[in-house]
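Have a look at protein16.tsv; it's TSV, C-alpha atoms and all ligand atoms:
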```tsv
chain	number	residue	atom	x	y	z
A	1267	MET	CA	98.24	39.44	97.54
A	1268	LYS	CA	99.74	36.84	95.18
A	1269	LYS	CA	103.29	37.21	93.90
A	1270	ALA	CA	104.96	36.34	90.61
A	1271	ILE	CA	108.36	36.47	88.94
A	1272	ILE	CA	108.59	37.02	85.19
A	1273	ILE	CA	111.97	36.29	83.64
A	1274	GLY	CA	112.11	38.38	80.46
A	1275	GLY	CA	109.48	40.90	81.51
A	1276	THR	CA	110.92	43.93	79.69
A	1277	SER	CA	109.01	43.43	76.42
A	1278	GLY	CA	106.63	41.27	74.41
A	1279	MET	CA	104.60	38.57	76.11
A	1280	GLY	CA	106.50	38.85	79.40
A	1281	ARG	CA	105.71	42.54	79.75
A	1282	ALA	CA	102.08	42.07	78.68
A	1283	LEU	CA	101.69	39.30	81.28
A	1284	ALA	CA	103.18	41.57	83.96
A	1285	GLU	CA	100.60	44.23	83.10
A	1286	ILE	CA	97.74	41.72	83.35
A	1287	LEU	CA	98.97	40.33	86.68
A	1288	VAL	CA	99.27	43.81	88.20
A	1289	ARG	CA	95.72	44.61	87.02
A	1290	GLU	CA	94.64	41.41	88.79
A	1291	ASN	CA	96.31	42.70	91.96
A	1292	TRP	CA	99.47	40.59	91.91
A	1293	THR	CA	102.89	41.86	92.97
A	1294	VAL	CA	105.32	41.06	90.14
A	1295	GLY	CA	109.12	40.91	90.00
A	1296	ILE	CA	110.27	41.40	86.40
A	1297	THR	CA	113.74	40.80	84.99
A	1298	GLY	CA	115.67	41.50	81.82
A	1299	ARG	CA	118.90	43.05	80.62
A	1300	ARG	CA	117.45	46.42	79.57
A	1301	ARG	CA	117.56	48.55	82.70
A	1302	GLU	CA	115.85	51.53	81.01
A	1303	LEU	CA	112.80	49.41	80.15
A	1304	LEU	CA	112.63	47.96	83.67
A	1305	ASN	CA	112.68	51.53	85.05
A	1306	GLU	CA	110.07	52.70	82.59
A	1307	ILE	CA	107.72	49.81	83.46
A	1308	LYS	CA	108.14	50.45	87.17
A	1309	ALA	CA	107.47	54.16	86.65
A	1310	THR	CA	104.35	53.40	84.59
A	1311	ILE	CA	102.88	50.57	86.61
A	1312	GLY	CA	104.05	51.50	90.08
A	1313	ASN	CA	104.48	49.87	93.48
A	1314	GLN	CA	103.33	46.40	92.52
A	1315	ILE	CA	106.41	46.01	90.29
A	1316	LEU	CA	109.86	44.98	91.50
A	1317	THR	CA	112.71	44.96	88.98
A	1318	LEU	CA	115.98	43.10	88.55
A	1319	VAL	CA	118.63	43.61	85.89
A	1320	HIS	CA	119.44	40.02	85.01
A	1321	ASP	CA	120.99	38.24	82.05
A	1322	ILE	CA	120.16	34.53	81.94
A	1323	THR	CA	123.45	33.81	80.14
A	1324	GLU	CA	125.58	35.18	82.99
A	1325	LEU	CA	125.73	31.84	84.71
A	1326	GLU	CA	128.05	32.81	87.58
A	1327	SER	CA	125.81	35.56	88.95
A	1328	SER	CA	122.38	34.33	87.84
A	1329	ASP	CA	121.30	32.24	90.84
A	1330	LYS	CA	122.41	34.82	93.39
A	1331	LYS	CA	120.54	37.63	91.65
A	1332	LEU	CA	117.37	35.55	91.38
A	1333	ASP	CA	117.65	34.71	95.09
A	1334	GLN	CA	117.66	38.44	95.87
A	1335	LEU	CA	114.42	38.94	93.94
A	1336	PHE	CA	112.86	35.85	95.54
A	1337	ASP	CA	113.85	37.12	99.02
A	1338	GLU	CA	112.45	40.57	98.29
A	1339	LEU	CA	109.11	39.01	97.37
A	1340	GLY	CA	109.19	36.60	100.32
A	1341	THR	CA	107.03	33.93	98.71
A	1342	VAL	CA	106.38	33.33	95.02
A	1343	ASP	CA	103.17	31.77	93.69
A	1344	LEU	CA	103.99	31.93	90.00
A	1345	VAL	CA	107.18	31.89	87.93
A	1346	ILE	CA	106.98	32.65	84.19
A	1347	VAL	CA	110.16	32.24	82.13
A	1348	SER	CA	109.63	34.19	78.91
A	1349	SER	CA	113.22	35.13	77.96
A	1350	GLY	CA	114.36	33.99	74.56
A	1351	TYR	CA	116.34	34.86	71.46
A	1352	ALA	CA	115.42	34.10	67.84
A	1353	GLU	CA	117.03	34.84	64.50
A	1354	ILE	CA	116.42	33.46	61.02
A	1355	ASN	CA	119.59	31.49	60.22
A	1356	ARG	CA	119.32	29.60	56.93
A	1357	LYS	CA	123.09	29.91	56.36
A	1358	LEU	CA	123.93	28.35	59.72
A	1359	ASN	CA	125.90	31.36	60.89
A	1360	TRP	CA	127.74	30.19	64.01
A	1361	ASP	CA	127.49	33.47	65.94
A	1362	ILE	CA	123.71	33.33	65.68
A	1363	GLN	CA	123.59	29.64	66.60
A	1364	LYS	CA	125.85	30.25	69.58
A	1365	THR	CA	123.67	33.06	70.95
A	1366	VAL	CA	120.52	30.97	70.44
A	1367	ILE	CA	122.04	28.02	72.27
A	1368	GLU	CA	123.61	30.11	75.06
A	1369	THR	CA	120.28	31.87	75.66
A	1370	ASN	CA	117.56	29.33	74.88
A	1371	VAL	CA	119.36	26.21	76.09
A	1372	VAL	CA	122.13	26.97	78.61
A	1373	GLY	CA	120.68	30.15	80.13
A	1374	ILE	CA	117.17	28.72	80.17
A	1375	ALA	CA	118.32	25.43	81.73
A	1376	LYS	CA	120.10	27.32	84.51
A	1377	THR	CA	117.06	29.52	85.11
A	1378	TYR	CA	114.53	26.67	84.99
A	1379	GLN	CA	116.62	24.60	87.39
A	1380	HIS	CA	117.18	27.33	89.95
A	1381	LEU	CA	113.63	28.67	90.04
A	1382	PHE	CA	112.04	25.20	90.00
A	1383	LEU	CA	114.21	24.21	92.98
A	1384	LYS	CA	113.20	27.44	94.77
A	1385	LEU	CA	109.53	26.52	94.35
A	1386	LYS	CA	110.31	22.97	95.47
A	1387	ALA	CA	111.98	24.29	98.65
A	1388	GLN	CA	108.97	26.54	99.24
A	1389	GLY	CA	106.64	23.54	98.82
A	1390	TYR	CA	104.24	25.02	96.26
A	1391	GLY	CA	103.98	27.19	93.17
A	1392	HIS	CA	103.25	27.31	89.47
A	1393	PHE	CA	106.12	27.13	86.97
A	1394	VAL	CA	105.52	28.35	83.42
A	1395	GLY	CA	107.94	28.20	80.49
A	1396	ILE	CA	107.33	29.67	77.04
A	1397	SER	CA	108.62	27.26	74.41
A	1398	SER	CA	107.09	27.42	70.92
A	1399	ILE	CA	105.20	25.59	68.20
A	1400	ALA	CA	108.70	25.53	66.64
A	1401	SER	CA	109.52	22.85	69.22
A	1402	LYS	CA	107.39	20.32	67.32
A	1403	ARG	CA	109.55	19.54	64.29
A	1404	GLY	CA	112.75	20.54	62.53
A	1405	ASN	CA	112.72	23.45	60.09
A	1406	ARG	CA	115.27	24.91	57.65
A	1407	HIS	CA	114.75	28.57	58.63
A	1408	CYS	CA	116.19	28.64	62.16
A	1409	PRO	CA	117.44	25.15	63.05
A	1410	SER	CA	119.01	25.82	66.45
A	1411	TYR	CA	115.98	27.87	67.59
A	1412	GLY	CA	113.58	24.98	66.88
A	1413	ALA	CA	115.96	22.51	68.51
A	1414	ALA	CA	116.34	24.76	71.57
A	1415	LYS	CA	112.56	25.08	71.90
A	1416	ALA	CA	112.25	21.27	71.69
A	1417	PHE	CA	114.75	21.13	74.56
A	1418	GLN	CA	112.60	23.53	76.59
A	1419	ALA	CA	109.35	21.68	75.89
A	1420	ASN	CA	110.94	18.35	76.83
A	1421	TYR	CA	112.50	19.86	79.96
A	1422	LEU	CA	109.17	21.33	81.09
A	1423	GLU	CA	107.48	17.96	80.63
A	1424	SER	CA	110.23	16.38	82.74
A	1425	LEU	CA	109.77	18.94	85.51
A	1426	ARG	CA	106.03	18.17	85.50
A	1427	CYS	CA	106.73	14.42	85.76
A	1428	MET	CA	109.08	15.10	88.69
A	1429	SER	CA	106.56	17.25	90.48
A	1430	LYS	CA	103.67	14.79	90.00
A	1431	LYS	CA	105.59	11.66	90.91
A	1432	LYS	CA	107.16	13.18	94.02
A	1433	ASN	CA	104.11	15.26	95.02
A	1434	LEU	CA	106.15	18.46	95.01
A	1435	GLY	CA	103.03	20.61	94.71
A	1436	ILE	CA	104.32	22.48	91.66
A	1437	THR	CA	102.10	22.89	88.61
A	1438	VAL	CA	104.12	23.05	85.37
A	1439	THR	CA	102.80	24.69	82.21
A	1440	ASP	CA	104.39	24.76	78.76
A	1441	VAL	CA	103.17	27.68	76.62
A	1442	GLN	CA	103.56	27.04	72.89
A	1443	PRO	CA	102.89	30.18	70.85
A	1444	GLY	CA	102.58	30.26	67.09
A	1445	PHE	CA	103.33	33.77	65.77
A	1446	VAL	CA	102.85	36.70	68.16
A	1447	ASP	CA	103.39	40.31	67.13
A	1448	THR	CA	106.53	41.12	69.15
A	1449	ALA	CA	110.06	42.25	68.24
A	1450	MET	CA	110.99	38.59	68.01
A	1451	ALA	CA	108.54	37.62	65.28
A	1452	LYS	CA	110.47	38.15	62.07
A	1453	GLY	CA	110.72	36.89	58.54
A	1454	PRO	CA	108.45	36.19	55.60
A	1455	GLY	CA	105.58	33.73	55.52
A	1456	MET	CA	104.12	34.54	58.92
A	1457	PHE	CA	100.41	33.90	59.36
A	1458	TRP	CA	97.82	33.99	62.14
A	1459	VAL	CA	100.04	36.59	63.89
A	1460	ALA	CA	98.35	37.38	67.20
A	1461	PRO	CA	98.43	40.79	68.91
A	1462	VAL	CA	100.58	40.54	72.03
A	1463	GLU	CA	97.71	41.50	74.38
A	1464	LYS	CA	95.52	38.72	72.96
A	1465	ALA	CA	98.35	36.20	73.39
A	1466	ALA	CA	99.00	37.33	76.96
A	1467	ASN	CA	95.31	37.15	77.87
A	1468	GLN	CA	95.12	33.58	76.58
A	1469	ILE	CA	98.29	32.63	78.46
A	1470	TYR	CA	96.94	34.17	81.66
A	1471	ALA	CA	93.60	32.37	81.31
A	1472	GLY	CA	95.31	29.01	80.68
A	1473	VAL	CA	97.72	29.48	83.57
A	1474	MET	CA	94.88	30.31	85.95
A	1475	LYS	CA	93.21	27.04	84.87
A	1476	GLY	CA	96.45	25.16	85.65
A	1477	LYS	CA	96.78	23.79	82.11
A	1478	ARG	CA	99.71	21.56	81.19
A	1479	LYS	CA	100.06	23.03	77.72
A	1480	ILE	CA	98.73	26.26	76.24
A	1481	TYR	CA	98.67	26.90	72.50
A	1482	VAL	CA	98.69	30.60	71.64
A	1483	THR	CA	96.45	31.51	69.96
A	1484	LYS	CA	94.11	28.59	70.44
A	1485	ARG	CA	93.89	27.70	66.74
A	1486	TRP	CA	97.61	26.89	66.74
A	1487	ARG	CA	96.58	23.61	68.39
A	1488	LEU	CA	95.52	22.61	64.86
A	1489	ILE	CA	98.99	23.39	63.45
A	1490	ALA	CA	100.56	21.46	66.35
A	1491	TRP	CA	98.40	18.47	65.45
A	1492	VAL	CA	99.33	18.69	61.76
A	1493	LEU	CA	103.05	19.05	62.56
A	1494	ASN	CA	102.95	16.03	64.86
A	1495	LEU	CA	101.47	13.91	62.07
A	1496	ALA	CA	103.26	15.36	59.02
A	1497	PRO	CA	105.63	12.94	57.25
A	1498	SER	CA	109.23	14.14	56.83
A	1499	TRP	CA	108.83	14.68	53.08
A	1500	VAL	CA	106.22	17.39	53.78
A	1501	LEU	CA	108.60	19.25	56.11
A	1502	GLU	CA	111.38	18.95	53.51
A	1503	LYS	CA	109.24	20.94	51.03
A	1504	MET	CA	108.52	23.82	53.44
B	1	LIG	N1	106.82	36.21	69.17
B	1	LIG	C1	106.63	35.00	68.68
B	1	LIG	O1	106.11	34.84	67.55
B	1	LIG	C2	107.01	33.78	69.49
B	1	LIG	C3	106.58	32.53	69.03
B	1	LIG	C4	106.90	31.39	69.76
B	1	LIG	C5	107.61	31.51	70.94
B	1	LIG	N2	108.03	32.75	71.37
B	1	LIG	C6	108.78	32.81	72.63
B	1	LIG	O2	108.14	33.71	73.51
B	1	LIG	C7	109.10	34.21	74.44
B	1	LIG	C8	108.93	35.71	74.59
B	1	LIG	O3	109.31	36.35	73.39
B	1	LIG	P1	108.54	37.61	72.79
B	1	LIG	O4	107.91	37.17	71.52
B	1	LIG	O5	107.70	38.23	73.84
B	1	LIG	O6	109.77	38.53	72.33
B	1	LIG	P2	110.52	39.78	72.98
B	1	LIG	O7	109.62	40.96	73.09
B	1	LIG	O8	111.75	39.92	72.15
B	1	LIG	O9	110.90	39.32	74.46
B	1	LIG	C9	112.04	38.58	74.74
B	1	LIG	C10	112.38	38.76	76.20
B	1	LIG	O10	113.52	37.95	76.47
B	1	LIG	C11	114.43	38.72	77.21
B	1	LIG	N3	115.79	38.23	76.99
B	1	LIG	C12	116.42	38.00	75.82
B	1	LIG	N4	117.68	37.59	76.04
B	1	LIG	C13	117.85	37.57	77.38
B	1	LIG	C14	118.93	37.25	78.24
B	1	LIG	N5	120.14	36.88	77.75
B	1	LIG	N6	118.75	37.32	79.57
B	1	LIG	C15	117.54	37.70	80.08
B	1	LIG	N7	116.48	38.00	79.33
B	1	LIG	C16	116.64	37.95	77.98
B	1	LIG	C17	114.24	40.16	76.72
B	1	LIG	O11	114.69	41.07	77.71
B	1	LIG	P3	116.03	41.94	77.61
B	1	LIG	O12	116.33	42.16	76.16
B	1	LIG	O13	115.70	43.18	78.37
B	1	LIG	O14	117.07	41.12	78.30
B	1	LIG	C18	112.73	40.22	76.56
B	1	LIG	O15	112.13	40.59	77.77
B	1	LIG	C19	110.47	33.78	73.92
B	1	LIG	O16	110.94	32.69	74.68
B	1	LIG	C20	110.18	33.35	72.49
B	1	LIG	O17	111.11	32.40	72.02
B	1	LIG	C21	107.75	33.88	70.67
```
As structure tokens, please, write out the structure in this file.
Ligand SMILES: NC(=O)c1ccc[n+]([C@@H]2O[C@H](COP(=O)([O-])OP(=O)(O)OC[C@H]3O[C@@H](n4cnc5c(N)ncnc54)[C@H](OP(=O)(O)O)[C@@H]3O)[C@@H](O)[C@H]2O)c1
Amino acid sequence: MKKAIIIGGTSGMGRALAEILVRENWTVGITGRRRELLNEIKATIGNQILTLVHDITELESSDKKLDQLFDELGTVDLVIVSSGYAEINRKLNWDIQKTVIETNVVGIAKTYQHLFLKLKAQGYGHFVGISSIASKRGNRHCPSYGAAKAFQANYLESLRCMSKKKNLGITVTDVQPGFVDTAMAKGPGMFWVAPVEKAANQIYAGVMKGKRKIYVTKRWRLIAWVLNLAPSWVLEKM
């Protein structure tokens, strides 16, 4: 039986991915801060779920807690890091920026590093991060969120380069969703909002194929292409 860890498995895409993996006969360790949701998921899904109360911003205790989960599972074939925090922040409120950076940059960097090195020590595995289409270019609606997602996308590419060059045996996938109908998707002007199950199914299919990058849903590849080519004056009008 294959084994996975999902960081941020209490809701949204992380939870939906846990449900798919269990249906496909995986054992899955899920983490998050909300103990009641972890308990509810375990009670609903059953024995194939292990849970860990874990906050990626608690840097002192993070590695040790993740080691416990890793040890409980024994070996880990797949790590998915889904945790994230988003807030519209056109007024550049510092409290919001700080939480975004502490979660999506510092906490994520600590988590990526530790779990990637665990897979490296094990000698194999698949490492998946969920960045965002927002990683592509700057935007005026949530500046630190986009910048943090660019950090994640760049970091994931670097981990892939490391693994390939040094033959570490670790596949690295960057998932870049557009809008997905979760608690996180907020604000006006959203379009092509995908149901969470559809997004999770596409992520699962792409991960099983060992893809480097997965756009969710698939048509967001077109937006990614446009954003990559768009001149700055176009972004300034959005
Ligand atoms: N929904 C979208 O439109 C969209 C688009 C592009 C990218 N994304 C990315 O997709 C990922 C998943 O988000 P989602 O849409 O599924 O939203 P979600 O339902 O809000 O899920 C966010 C997950 O992150 C966890 N989390 C938040 N802060 C955490 C912390 N400090 N420590 C540990 N876990 C933490 C939450 O668990 P607890 O609260 O229990 O800790 C929850 O499980 C995020 O990285 C997000 O940036 C989402």
Subject >> Pick from A:Gly1298, A:Gly1435, A:Gly1472, A:Gly1280, whichever lies nearest to A:Lys1484 using all atoms listed in the file >> reply: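 Under the stated criterion, the closest residue is A:Gly1472.
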Set out as a tab-separated table a contact list for chain A and ligand LIG 1 (chain B) with a cut-off of 6 Å, giving each residue of chain A that qualifies its closest atom pair and distance in Å to one decimal, counting only C-alpha atoms and all ligand atoms, ordered by chain and rising residue number.
```
residue	atom	partner	partner_atom	distance
A:Gly1274	CA	B:LIG1	O15	3.5
A:Gly1275	CA	B:LIG1	O15	4.6
A:Thr1276	CA	B:LIG1	O15	4.0
A:Ser1277	CA	B:LIG1	O7	4.2
A:Gly1278	CA	B:LIG1	O5	3.3
A:Met1279	CA	B:LIG1	O5	3.9
A:Gly1280	CA	B:LIG1	O5	5.7
A:Gly1298	CA	B:LIG1	O14	3.8
A:Arg1299	CA	B:LIG1	O14	3.5
A:Arg1300	CA	B:LIG1	O13	3.9
A:His1320	CA	B:LIG1	C15	5.8
A:Asp1321	CA	B:LIG1	N6	3.5
A:Ile1322	CA	B:LIG1	N6	3.9
A:Thr1323	CA	B:LIG1	N5	5.1
A:Ser1348	CA	B:LIG1	C7	4.5
A:Ser1349	CA	B:LIG1	O10	3.2
A:Gly1350	CA	B:LIG1	O16	3.7
A:Tyr1351	CA	B:LIG1	C12	5.4
A:Thr1369	CA	B:LIG1	N5	5.4
A:Ile1396	CA	B:LIG1	O16	5.3
A:Ser1397	CA	B:LIG1	C5	5.6
A:Ser1398	CA	B:LIG1	C5	4.1
A:Pro1443	CA	B:LIG1	C4	4.3
A:Gly1444	CA	B:LIG1	C3	5.0
A:Phe1445	CA	B:LIG1	O1	3.5
A:Val1446	CA	B:LIG1	O1	3.8
A:Asp1447	CA	B:LIG1	N1	5.7
A:Thr1448	CA	B:LIG1	O4	4.8
A:Ala1449	CA	B:LIG1	O8	4.9
A:Met1450	CA	B:LIG1	O8	4.4
A:Ala1451	CA	B:LIG1	O1	4.3
```
All residues 10 Å or closer to A:Leu1493, only C-alpha atoms, same chain fewer than 4 positions away omitted, as a PDB file with C-alpha atoms, in the coordinates of the input:
```
ATOM      1  CA  ILE A1399     105.200  25.590  68.200  1.00  0.00           C
ATOM      2  CA  ALA A1400     108.700  25.530  66.640  1.00  0.00           C
ATOM      3  CA  LYS A1402     107.390  20.320  67.320  1.00  0.00           C
ATOM      4  CA  ARG A1403     109.550  19.540  64.290  1.00  0.00           C
ATOM      5  CA  GLY A1404     112.750  20.540  62.530  1.00  0.00           C
ATOM      6  CA  ARG A1487      96.580  23.610  68.390  1.00  0.00           C
ATOM      7  CA  LEU A1488      95.520  22.610  64.860  1.00  0.00           C
ATOM      8  CA  ILE A1489      98.990  23.390  63.450  1.00  0.00           C
ATOM      9  CA  PRO A1497     105.630  12.940  57.250  1.00  0.00           C
ATOM     10  CA  SER A1498     109.230  14.140  56.830  1.00  0.00           C
ATOM     11  CA  VAL A1500     106.220  17.390  53.780  1.00  0.00           C
ATOM     12  CA  LEU A1501     108.600  19.250  56.110  1.00  0.00           C
TER      13      LEU A1501
END
```
**OP:** Write out as a ChimeraX atom specification the residues lying within 10 Å of A:Met1504, counting only C-alpha atoms and excluding same-chain residues fewer than 4 positions away.
**Re:** /A:1405-1407,1499-1500
Subject >> A:Lys1268 environment, 10 Å, all atoms listed in the file, sequence neighbours closer than 2 positions dropped, as a list in words >> reply: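 The residues satisfying every condition are Ala1270, Leu1287, Val1288, Glu1290, Asn1291, Trp1292, Thr1293, Val1294, Leu1339, Thr1341, Val1342, Asp1343 and Leu1344 of chain A.
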Subject >> Point-to-point distance from atom CA of A:Tyr1378 to atom CA of A:Gln1314, Å rounded to tenths >> reply: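 Here the two named atoms are 23.9 Å from each other.
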Original post:
Nearest to A:Lys1475 among A:His1392, A:Lys1386, A:Lys1376, A:Lys1452, with distances taken over all atoms listed in the file: which residue is it?
Top reply: A:His1392
Original post:
Looking at all atoms listed in the file, which of A:Gly1412, A:Lys1432, A:Gly1340, A:Phe1393 is the one that sits closest to A:Gly1476?
Top reply: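 Among A:Gly1412, A:Lys1432, A:Gly1340, A:Phe1393, it is A:Phe1393 that comes nearest to A:Gly1476.
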Subject >> Between atom CA of A:Lys1431 and atom CA of A:Lys1477, distance in Å (one decimal) >> reply: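 Between atom CA of A:Lys1431 and atom CA of A:Lys1477 the gap works out to 17.4 Å.
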